[in-house]
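Chemist: My structure is in work-v4.txt, and what it holds is compact mmCIF, C-alpha atoms:
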# COMPACT_ATOMS: atom_id res chain seq x y z
CA MET A 1 0.00 0.00 0.00
CA ALA A 2 1.32 3.47 -0.92
CA GLU A 3 2.27 5.73 1.95
CA GLU A 4 -0.41 8.34 2.68
CA ARG A 5 0.75 11.78 1.64
CA LYS A 6 0.90 14.44 4.34
CA ALA A 7 -1.50 17.35 4.20
CA TYR A 8 0.05 20.46 2.71
CA LYS A 9 -0.04 22.42 5.96
CA ASP A 10 1.60 19.57 7.86
CA TYR A 11 4.69 19.33 5.67
CA PHE A 12 6.90 21.01 8.27
CA ASP A 13 6.68 18.58 11.18
CA ARG A 14 9.15 16.70 13.38
CA SER A 15 10.44 14.54 10.54
CA ALA A 16 11.06 17.65 8.40
CA ALA A 17 12.84 19.32 11.33
CA LYS A 18 15.10 16.30 11.78
CA ALA A 19 15.87 16.18 8.06
CA LEU A 20 16.75 19.87 7.97
CA ALA A 21 18.89 19.55 11.09
CA GLN A 22 20.84 16.71 9.50
CA GLN A 23 21.31 18.75 6.34
CA VAL A 24 22.73 21.74 8.24
CA ALA A 25 24.97 19.49 10.35
CA VAL A 26 26.78 18.32 7.21
CA ALA A 27 28.08 21.88 6.77
CA MET A 28 28.39 22.52 10.53
CA PRO A 29 29.19 19.32 12.47
CA SER A 30 28.75 21.11 15.81
CA PHE A 31 25.20 22.21 14.92
CA ASP A 32 22.81 21.57 17.82
CA GLN A 33 20.42 19.28 15.99
CA LYS A 34 18.34 18.36 19.04
CA GLY A 35 18.04 21.99 20.10
CA PHE A 36 16.93 22.99 16.61
CA VAL A 37 14.31 20.24 16.41
CA ARG A 38 12.99 21.05 19.88
CA GLN A 39 12.47 24.72 18.98
CA ALA A 40 11.24 24.07 15.44
CA VAL A 41 8.40 21.76 16.51
CA ARG A 42 7.24 23.61 19.61
CA ASN A 43 3.40 23.53 19.55
CA ILE A 44 3.71 22.74 15.83
CA GLU A 45 0.27 21.11 15.56
CA ALA A 46 -1.40 24.44 16.34
CA LEU A 47 0.42 26.30 13.57
CA GLU A 48 -0.56 26.78 9.95
CA PHE A 49 1.92 26.32 7.12
CA HIS A 50 3.57 29.76 6.98
CA ALA A 51 3.76 29.99 10.77
CA ARG A 52 5.60 26.69 10.77
CA VAL A 53 8.10 27.96 8.19
CA LYS A 54 8.65 31.05 10.35
CA GLN A 55 9.19 28.93 13.46
CA PHE A 56 11.78 26.82 11.61
CA SER A 57 13.54 30.04 10.60
CA ASP A 58 13.51 31.29 14.19
CA ALA A 59 14.97 27.98 15.33
CA LEU A 60 17.79 28.34 12.81
CA ARG A 61 18.52 31.81 14.14
CA THR A 62 19.03 30.58 17.69
CA THR A 63 21.10 27.52 16.76
CA LEU A 64 23.33 28.95 14.01
CA PRO A 65 26.24 31.34 14.74
CA ASP A 66 25.23 34.88 15.72
CA ASP A 67 27.27 36.22 12.80
CA ILE A 68 24.72 36.39 9.96
CA PRO A 69 27.18 36.15 7.03
CA GLN A 70 28.68 33.06 8.68
CA ALA A 71 25.21 31.60 9.20
CA LEU A 72 24.28 32.30 5.58
CA GLY A 73 27.48 30.61 4.44
CA ILE A 74 26.65 27.49 6.45
CA LEU A 75 23.13 27.32 5.05
CA THR A 76 24.42 27.79 1.51
CA GLN A 77 27.05 25.12 1.99
CA SER A 78 24.41 22.73 3.33
CA LEU A 79 22.23 22.90 0.22
CA PRO A 80 21.63 19.72 -1.78
CA ALA A 81 22.60 19.44 -5.44
CA PRO A 82 20.84 21.84 -7.83
CA LEU A 83 17.56 20.66 -9.28
CA PRO A 84 18.21 18.58 -12.40
CA ASP A 85 15.59 20.23 -14.58
CA CYS A 86 12.76 22.74 -14.64
CA GLU A 87 10.10 20.16 -13.81
CA ALA A 88 11.51 19.28 -10.36
CA VAL A 89 10.75 22.61 -8.71
CA THR A 90 8.84 21.14 -5.75
CA ASP A 91 11.58 18.76 -4.67
CA GLY A 92 13.16 21.47 -2.55
CA TRP A 93 10.37 22.27 -0.09
CA LEU A 94 12.62 21.41 2.82
CA GLN A 95 14.68 24.49 1.88
CA TRP A 96 11.77 26.92 2.38
CA PRO A 97 12.87 27.91 5.93
CA LEU A 98 16.30 28.85 4.54
CA GLY A 99 14.65 31.44 2.33
CA GLN A 100 12.65 32.65 5.30
CA PHE A 101 15.88 32.97 7.29
CA ILE A 102 17.37 35.17 4.56
CA ALA A 103 14.23 37.33 4.45
CA ASP A 104 14.16 37.62 8.25
CA HIS A 105 17.83 38.32 8.92
CA GLY A 106 19.71 39.09 5.71
CA LEU A 107 18.71 42.67 4.86
CA ASP A 108 21.81 44.20 6.44
CA HIS A 109 24.06 41.75 4.59
CA PHE A 110 23.14 42.35 0.98
CA ASP A 111 25.97 40.61 -0.88
CA ASP A 112 25.92 37.50 1.30
CA SER A 113 22.15 37.30 1.03
CA MET A 114 22.10 37.68 -2.74
CA HIS A 115 24.70 34.95 -3.11
CA ALA A 116 22.70 32.68 -0.79
CA MET A 117 19.46 33.32 -2.70
CA THR A 118 21.14 32.71 -6.05
CA GLU A 119 22.23 29.30 -4.79
CA LEU A 120 18.96 28.55 -2.99
CA THR A 121 16.80 29.33 -6.01
CA GLN A 122 18.52 26.52 -7.92
CA ARG A 123 17.13 24.08 -5.32
CA PHE A 124 13.95 25.85 -4.26
CA SER A 125 12.75 29.22 -5.51
CA SER A 126 13.97 32.33 -3.66
CA GLU A 127 11.01 34.34 -4.96
CA PHE A 128 9.66 34.93 -1.44
CA ALA A 129 13.04 35.53 0.18
CA VAL A 130 13.96 38.39 -2.17
CA ARG A 131 10.81 40.44 -1.62
CA PRO A 132 11.96 42.31 1.52
CA PHE A 133 15.05 43.34 -0.44
CA VAL A 134 12.86 44.66 -3.25
CA GLN A 135 10.85 46.59 -0.69
CA HIS A 136 13.74 48.12 1.23
CA GLN A 137 16.62 48.17 -1.26
CA GLN A 138 14.82 48.30 -4.58
CA GLU A 139 17.46 49.95 -6.77
CA LYS A 140 20.29 47.78 -5.47
CA THR A 141 18.23 44.61 -5.73
CA PHE A 142 17.14 45.28 -9.31
CA ALA A 143 20.74 45.99 -10.27
CA TYR A 144 21.77 42.61 -8.91
CA LEU A 145 18.89 40.77 -10.59
CA LYS A 146 19.69 42.37 -13.94
CA SER A 147 23.25 41.11 -13.58
CA GLN A 148 21.88 37.54 -13.39
CA LEU A 149 19.66 37.62 -16.48
CA LYS A 150 22.13 35.55 -18.52
CA HIS A 151 22.86 33.05 -15.77
CA ASP A 152 23.33 29.48 -17.01
CA SER A 153 20.62 28.21 -14.65
CA PRO A 154 17.01 28.74 -15.79
CA HIS A 155 16.06 28.69 -12.10
CA VAL A 156 18.09 31.85 -11.53
CA ARG A 157 16.71 33.56 -14.64
CA ARG A 158 13.15 32.71 -13.56
CA TRP A 159 13.87 34.05 -10.07
CA CYS A 160 14.79 37.42 -11.60
CA SER A 161 11.23 37.72 -12.91
CA GLU A 162 9.22 35.79 -10.32
CA GLY A 163 10.76 37.56 -7.33
CA VAL A 164 9.66 41.01 -8.53
CA ARG A 165 6.06 40.14 -9.44
CA SER A 166 3.99 42.89 -7.85
CA ARG A 167 1.15 40.54 -6.89
CA LEU A 168 2.92 37.21 -6.41
CA PRO A 169 0.50 34.65 -4.89
CA TRP A 170 1.39 33.94 -1.24
CA GLY A 171 3.95 36.75 -1.40
CA VAL A 172 3.86 40.21 0.16
CA LYS A 173 2.37 42.68 -2.32
CA LEU A 174 5.07 45.04 -3.61
CA ASN A 175 3.16 48.29 -3.42
CA ALA A 176 5.91 50.40 -5.01
CA LEU A 177 5.82 48.18 -8.10
CA VAL A 178 2.04 48.13 -8.11
CA ALA A 179 2.21 51.93 -8.33
CA ASP A 180 5.07 52.03 -10.86
CA PRO A 181 6.15 48.86 -12.68
CA ALA A 182 8.86 50.65 -14.68
CA PRO A 183 11.78 48.86 -12.93
CA ILE A 184 10.38 45.48 -13.99
CA TRP A 185 10.36 46.09 -17.75
CA PRO A 186 14.11 45.63 -18.41
CA ILE A 187 13.91 42.20 -16.78
CA LEU A 188 10.88 41.09 -18.79
CA ASP A 189 12.34 42.51 -22.02
CA ALA A 190 15.47 40.42 -21.44
CA LEU A 191 13.59 37.19 -20.66
CA VAL A 192 10.64 37.25 -23.07
CA ASP A 193 12.61 35.10 -25.56
CA ASP A 194 14.21 32.83 -22.97
CA PRO A 195 14.66 29.27 -24.33
CA GLU A 196 12.94 27.76 -21.26
CA LEU A 197 9.13 27.77 -21.05
CA TYR A 198 9.61 27.72 -17.27
CA VAL A 199 11.15 31.20 -17.50
CA ARG A 200 8.77 32.53 -20.15
CA ARG A 201 5.79 31.46 -18.04
CA SER A 202 7.10 33.66 -15.20
CA VAL A 203 7.43 36.57 -17.66
CA ALA A 204 3.80 36.05 -18.71
CA ASN A 205 2.61 35.83 -15.10
CA ASN A 206 4.52 39.00 -14.27
CA LEU A 207 2.91 40.72 -17.25
CA ASN A 208 -0.52 39.59 -16.07
CA ASP A 209 0.14 41.08 -12.62
CA ILE A 210 1.10 44.43 -14.16
CA ALA A 211 -1.95 44.38 -16.44
CA LYS A 212 -4.27 44.35 -13.43
CA ASP A 213 -3.04 47.80 -12.41
CA HIS A 214 -1.73 49.29 -15.67
CA PRO A 215 -3.66 47.79 -18.61
CA GLN A 216 -2.78 50.45 -21.16
CA VAL A 217 0.93 50.40 -20.33
CA THR A 218 0.94 46.61 -20.51
CA ILE A 219 -0.85 46.49 -23.87
CA LYS A 220 1.59 49.04 -25.29
CA ARG A 221 4.53 46.90 -24.15
CA ALA A 222 2.97 43.75 -25.55
CA LYS A 223 2.44 45.47 -28.92
CA GLY A 224 6.12 46.39 -28.95
CA TRP A 225 7.11 42.79 -28.25
CA LEU A 226 4.95 41.49 -31.11
CA LYS A 227 6.53 43.88 -33.60
CA LYS A 228 9.84 42.08 -33.22
CA PRO A 229 10.56 38.49 -34.30
CA GLY A 230 10.38 35.82 -31.63
CA GLU A 231 8.82 32.37 -31.92
CA HIS A 232 7.45 32.40 -28.38
CA ARG A 233 6.24 35.99 -28.08
CA GLU A 234 2.66 35.38 -29.16
CA TRP A 235 2.26 32.78 -26.41
CA VAL A 236 3.82 35.04 -23.77
CA VAL A 237 1.55 37.93 -24.77
CA LYS A 238 -1.60 35.80 -24.87
CA HIS A 239 -0.84 34.22 -21.48
CA GLY A 240 0.30 37.54 -20.02
CA LEU A 241 -2.86 39.36 -21.08
CA ARG A 242 -5.18 36.54 -19.97
CA THR A 243 -6.98 38.61 -17.32
CA LEU A 244 -7.63 41.42 -19.78
CA ILE A 245 -8.71 38.87 -22.39
CA LYS A 246 -11.01 37.15 -19.91
CA ASN A 247 -12.51 40.51 -19.03
CA GLY A 248 -13.11 41.22 -22.70
CA ASP A 249 -10.67 44.10 -23.14
CA PRO A 250 -11.00 45.03 -26.85
CA GLN A 251 -7.36 46.12 -27.24
CA ALA A 252 -6.04 42.94 -25.67
CA LEU A 253 -8.32 40.83 -27.85
CA GLU A 254 -7.21 42.67 -30.97
CA LEU A 255 -3.60 41.80 -30.15
CA ILE A 256 -4.41 38.08 -30.28
CA GLY A 257 -6.34 38.33 -33.52
CA PHE A 258 -9.85 39.27 -32.46
CA GLY A 259 -10.41 42.75 -33.86
CA ALA A 260 -13.64 44.73 -33.64
CA PRO A 261 -16.44 42.80 -35.41
CA LYS A 262 -17.53 44.30 -38.73
CA GLY A 263 -21.00 44.07 -40.19
CA VAL A 264 -22.25 41.64 -37.55
CA SER A 265 -25.63 42.02 -35.88
CA ALA A 266 -26.52 40.12 -32.73
CA LYS A 267 -29.79 39.31 -30.99
CA LEU A 268 -29.92 37.96 -27.43
CA SER A 269 -32.96 36.17 -26.03
CA ILE A 270 -33.25 35.09 -22.38
CA ALA A 271 -35.86 32.68 -21.06
CA PRO A 272 -37.58 32.36 -18.73
CA GLN A 273 -37.74 35.97 -17.64
CA LYS A 274 -38.24 35.07 -13.99
CA ILE A 275 -36.51 32.26 -12.07
CA SER A 276 -35.74 31.21 -8.51
CA VAL A 277 -32.38 30.41 -6.95
CA GLY A 278 -31.13 27.05 -8.19
CA GLU A 279 -32.87 27.35 -11.56
CA THR A 280 -31.39 28.10 -14.98
CA VAL A 281 -31.90 30.65 -17.73
CA ALA A 282 -31.35 29.84 -21.39
CA LEU A 283 -29.31 32.29 -23.43
CA ASP A 284 -30.04 32.15 -27.16
CA VAL A 285 -28.01 34.26 -29.57
CA THR A 286 -28.49 34.86 -33.27
CA LEU A 287 -25.52 36.28 -35.17
CA GLN A 288 -25.80 37.56 -38.71
CA SER A 289 -22.91 38.76 -40.86
CA LYS A 290 -23.16 41.30 -43.65
CA ALA A 291 -19.39 41.58 -43.91
CA LYS A 292 -17.58 40.88 -47.20
CA SER A 293 -15.33 38.26 -45.65
CA SER A 294 -15.34 35.76 -42.81
CA GLN A 295 -14.10 36.80 -39.39
CA ARG A 296 -13.03 35.20 -36.13
CA LEU A 297 -15.34 35.98 -33.24
CA LEU A 298 -14.88 35.45 -29.52
CA LEU A 299 -18.27 35.28 -27.83
CA ASP A 300 -18.54 36.13 -24.12
CA TYR A 301 -21.30 37.34 -21.90
CA ILE A 302 -21.37 39.47 -18.76
CA VAL A 303 -23.81 38.91 -15.92
CA HIS A 304 -24.39 41.94 -13.69
CA TYR A 305 -25.29 40.27 -10.41
CA VAL A 306 -27.45 42.07 -7.89
CA ARG A 307 -25.44 42.58 -4.72
CA LYS A 308 -26.38 43.34 -1.15
CA GLY A 309 -27.90 46.76 -0.66
CA GLY A 310 -29.06 47.07 -4.26
CA LYS A 311 -25.55 47.34 -5.69
CA SER A 312 -24.31 45.24 -8.59
CA GLY A 313 -21.16 43.40 -9.56
CA SER A 314 -20.25 41.96 -12.93
CA LYS A 315 -18.56 38.76 -14.04
CA VAL A 316 -17.45 37.81 -17.55
CA PHE A 317 -18.21 34.26 -18.70
CA LYS A 318 -16.37 32.73 -21.65
CA TRP A 319 -18.69 31.21 -24.23
CA THR A 320 -17.23 30.14 -27.56
CA THR A 321 -14.95 31.00 -30.46
CA LEU A 322 -16.31 30.76 -33.97
CA GLU A 323 -15.63 31.66 -37.58
CA LEU A 324 -18.58 33.56 -39.11
CA ALA A 325 -18.64 33.51 -42.90
CA SER A 326 -19.79 36.37 -45.09
CA GLY A 327 -23.59 36.44 -45.18
CA GLU A 328 -23.87 33.64 -42.61
CA THR A 329 -26.48 33.47 -39.86
CA ARG A 330 -25.49 31.40 -36.82
CA GLN A 331 -27.45 30.48 -33.71
CA VAL A 332 -25.74 29.49 -30.47
CA SER A 333 -27.27 28.64 -27.10
CA ARG A 334 -26.21 27.86 -23.57
CA ASN A 335 -27.72 27.60 -20.11
CA HIS A 336 -26.66 29.81 -17.23
CA PRO A 337 -27.39 28.36 -13.76
CA MET A 338 -28.15 30.64 -10.83
CA ARG A 339 -26.82 28.60 -7.94
CA GLN A 340 -25.41 29.77 -4.64
CA THR A 341 -21.66 29.14 -4.31
CA THR A 342 -19.08 29.68 -1.62
CA VAL A 343 -17.74 32.68 -3.54
CA ARG A 344 -20.98 34.20 -4.79
CA ALA A 345 -24.11 34.93 -2.81
CA LEU A 346 -27.26 35.52 -4.83
CA TYR A 347 -29.78 38.28 -4.16
CA PRO A 348 -33.22 38.84 -5.68
CA GLY A 349 -33.70 41.49 -8.33
CA VAL A 350 -33.18 42.20 -12.01
CA HIS A 351 -29.93 40.77 -13.37
CA LYS A 352 -28.69 42.35 -16.58
CA VAL A 353 -26.83 40.32 -19.21
CA LYS A 354 -24.59 41.80 -21.91
CA LEU A 355 -23.29 39.96 -24.94
CA GLN A 356 -19.75 40.65 -26.12
CA LEU A 357 -18.12 39.96 -29.47
CA ASN A 358 -14.36 40.43 -29.39
CA GLY A 359 -14.75 42.57 -26.29
CA ASN A 360 -17.44 44.82 -27.78
CA VAL A 361 -20.96 44.83 -26.29
CA VAL A 362 -23.38 44.02 -29.12
CA ALA A 363 -26.60 43.02 -27.33
CA ALA A 364 -28.20 43.03 -23.90
CA GLY A 365 -31.05 41.49 -21.95
CA GLU A 366 -32.20 40.80 -18.42
CA PHE A 367 -33.99 38.37 -16.15
CA GLU A 368 -35.37 38.58 -12.64
CA LEU A 369 -34.26 36.41 -9.76
CA LEU A 370 -37.13 35.92 -7.35
CA GLU A 371 -36.90 35.70 -3.57
Show the structure stored in the file as structure tokens.

Modeler:
Amino acid sequence: MAEERKAYKDYFDRSAAKALAQQVAVAMPSFDQKGFVRQAVRNIEALEFHARVKQFSDALRTTLPDDIPQALGILTQSLPAPLPDCEAVTDGWLQWPLGQFIADHGLDHFDDSMHAMTELTQRFSSEFAVRPFVQHQQEKTFAYLKSQLKHDSPHVRRWCSEGVRSRLPWGVKLNALVADPAPIWPILDALVDDPELYVRRSVANNLNDIAKDHPQVTIKRAKGWLKKPGEHREWVVKHGLRTLIKNGDPQALELIGFGAPKGVSAKLSIAPQKISVGETVALDVTLQSKAKSSQRLLLDYIVHYVRKGGKSGSKVFKWTTLELASGETRQVSRNHPMRQTTVRALYPGVHKVKLQLNGNVVAAGEFELLE
């Protein structure tokens, strides 16, 4: 029988503490392994994942030498071999507390910390460890990251992009970069054609983060990228603009080949007009083209949900992609359920529906949700 896998939050437990203690002891034979384990697992069952990582970091601080550069050197020396490829990125979870240690105690030791993170990120990403440095020593940190853009390791090149994402999941939001992403562009420009998908995916995710706060700036940059040759640029742009595309932004859609529809009329029918929670409305659309040539159309619809207090909030739903020939009439249908979910409460009232073709609203309708 296969061994039962530990729950995510329970990864850092006594066995992980012992394994990390043994790792550090290879580089520092006098390391107090028992003392580290005792402190690392204190009341561990009551702690969530990130609190456990922090407690492991605190335990390292009290059991490693007081001299931070010396401690960083020991941790760096203790690291296992670099990851063999870009698909093995989760094999280094045991190293997470080392990154936390750098974030907690390395700010006053910039060079030692950067060297440690460059080594760590080849075993387990340093994307979280570098964020305090971006916050407090932005110019110096970006200068260092730019110096690593041609590093032989794709893990290091990816780190240069991933570590400065303004809205990195699980990471501290970098408010200065949310306000002004200008320092990020040289890094993304340098990595957009990287030979590793692993790195290009980080570029696209970084672009998507920026697009949430600066859509026009992002679209302008993406246009510039597409004007230059590069076999992977279309993918990076499409993936990087995915939030704008999902939200039906016309300029973003035009960049991926869905320009404003020409000579197309649309009729939206919604039935029944009144439903209760848990029931479904049918959306029926008739498209007719009077254009001289066929055109690619991306069909979405927006539901403006009634919110508490009479307010409303909208959500875009993807529908279908189609090729509409000159003179063609096409009918498409789908059902939209109105069910309560953990992320969306439903309130009675008139819900408006808008139909979008390539990001342009072409028809509208409504239905009433009863109490």

Chemist: Got a sec: who's within 12 Å of Pro29 (chain A), counting all atoms listed in the file, leaving out chain neighbours fewer than 4 positions off, as a list in words?

Modeler: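 Returned residues: Ala21, Gln22, Gln23, Val24, Ala25, Gln33, Leu64, Ile74 and Ser78 of chain A.
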
Chemist: Please report the interatomic distance between CA of Ala16 (chain A) and CA of Leu94 (chain A) in Å with one decimal.

Modeler: 6.9 Å

Chemist: Just want the 7 Å neighbourhood of Ser126 (chain A), counted on all atoms listed in the file, with same-chain residues fewer than 6 positions away dropped. Output as a VMD selection string.

Modeler: chain A and resid 99 117 120 159

Chemist: Between A:Gly349, A:Pro272, A:Gly327, A:Gly240, which residue has the minimum interatomic distance to His304 (chain A), considering all atoms listed in the file?

Modeler: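 When distances to His304 (chain A) are compared using all atoms listed in the file, the smallest one comes from A:Gly349.
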
Chemist: Figure out the distance between CA of Glu254 (chain A) and CA of Ser166 (chain A), please, to one decimal in Å.

Modeler: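 Answer for the CA of Ser166 (chain A) to CA of Glu254 (chain A) separation: 25.7 Å.
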
Chemist: What does the distance from CA of Arg296 (chain A) to CA of Trp319 (chain A) come to in Å, to one decimal?

Modeler: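 Here the two named atoms are 13.8 Å from each other.
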
Chemist: Which neighbours of region 41-54 of chain A fall inside 10 Å, counting all atoms listed in the file, when residues of the same chain fewer than 4 positions from it are skipped, and could you give them as a compact mmCIF listing (two decimals) with C-alpha atoms, keeping the file's coordinate frame?

Modeler:
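The new file selection-v8.txt reads:
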# COMPACT_ATOMS: atom_id res chain seq x y z
CA TYR A 8 0.05 20.46 2.71
CA LYS A 9 -0.04 22.42 5.96
CA ASP A 10 1.60 19.57 7.86
CA TYR A 11 4.69 19.33 5.67
CA PHE A 12 6.90 21.01 8.27
CA ASP A 13 6.68 18.58 11.18
CA ARG A 14 9.15 16.70 13.38
CA SER A 15 10.44 14.54 10.54
CA ALA A 16 11.06 17.65 8.40
CA ALA A 17 12.84 19.32 11.33
CA LYS A 18 15.10 16.30 11.78
CA PHE A 36 16.93 22.99 16.61
CA VAL A 37 14.31 20.24 16.41
CA ASP A 58 13.51 31.29 14.19
CA ALA A 59 14.97 27.98 15.33
CA LEU A 60 17.79 28.34 12.81
CA LEU A 94 12.62 21.41 2.82
CA GLN A 95 14.68 24.49 1.88
CA TRP A 96 11.77 26.92 2.38
CA PRO A 97 12.87 27.91 5.93
CA LEU A 98 16.30 28.85 4.54
CA GLY A 99 14.65 31.44 2.33
CA GLN A 100 12.65 32.65 5.30
CA PHE A 101 15.88 32.97 7.29
CA ASP A 104 14.16 37.62 8.25
CA TRP A 170 1.39 33.94 -1.24

Chemist: To box region 121-130 of chain A, take all atoms listed in the file, fit an axis-aligned box, add 5 Å on each side, and give centre and edge lengths in Å to one decimal, as JSON.

Modeler:
{"center_x": 14.1, "center_y": 31.2, "center_z": -3.9, "size_x": 18.9, "size_y": 24.3, "size_z": 18.1}
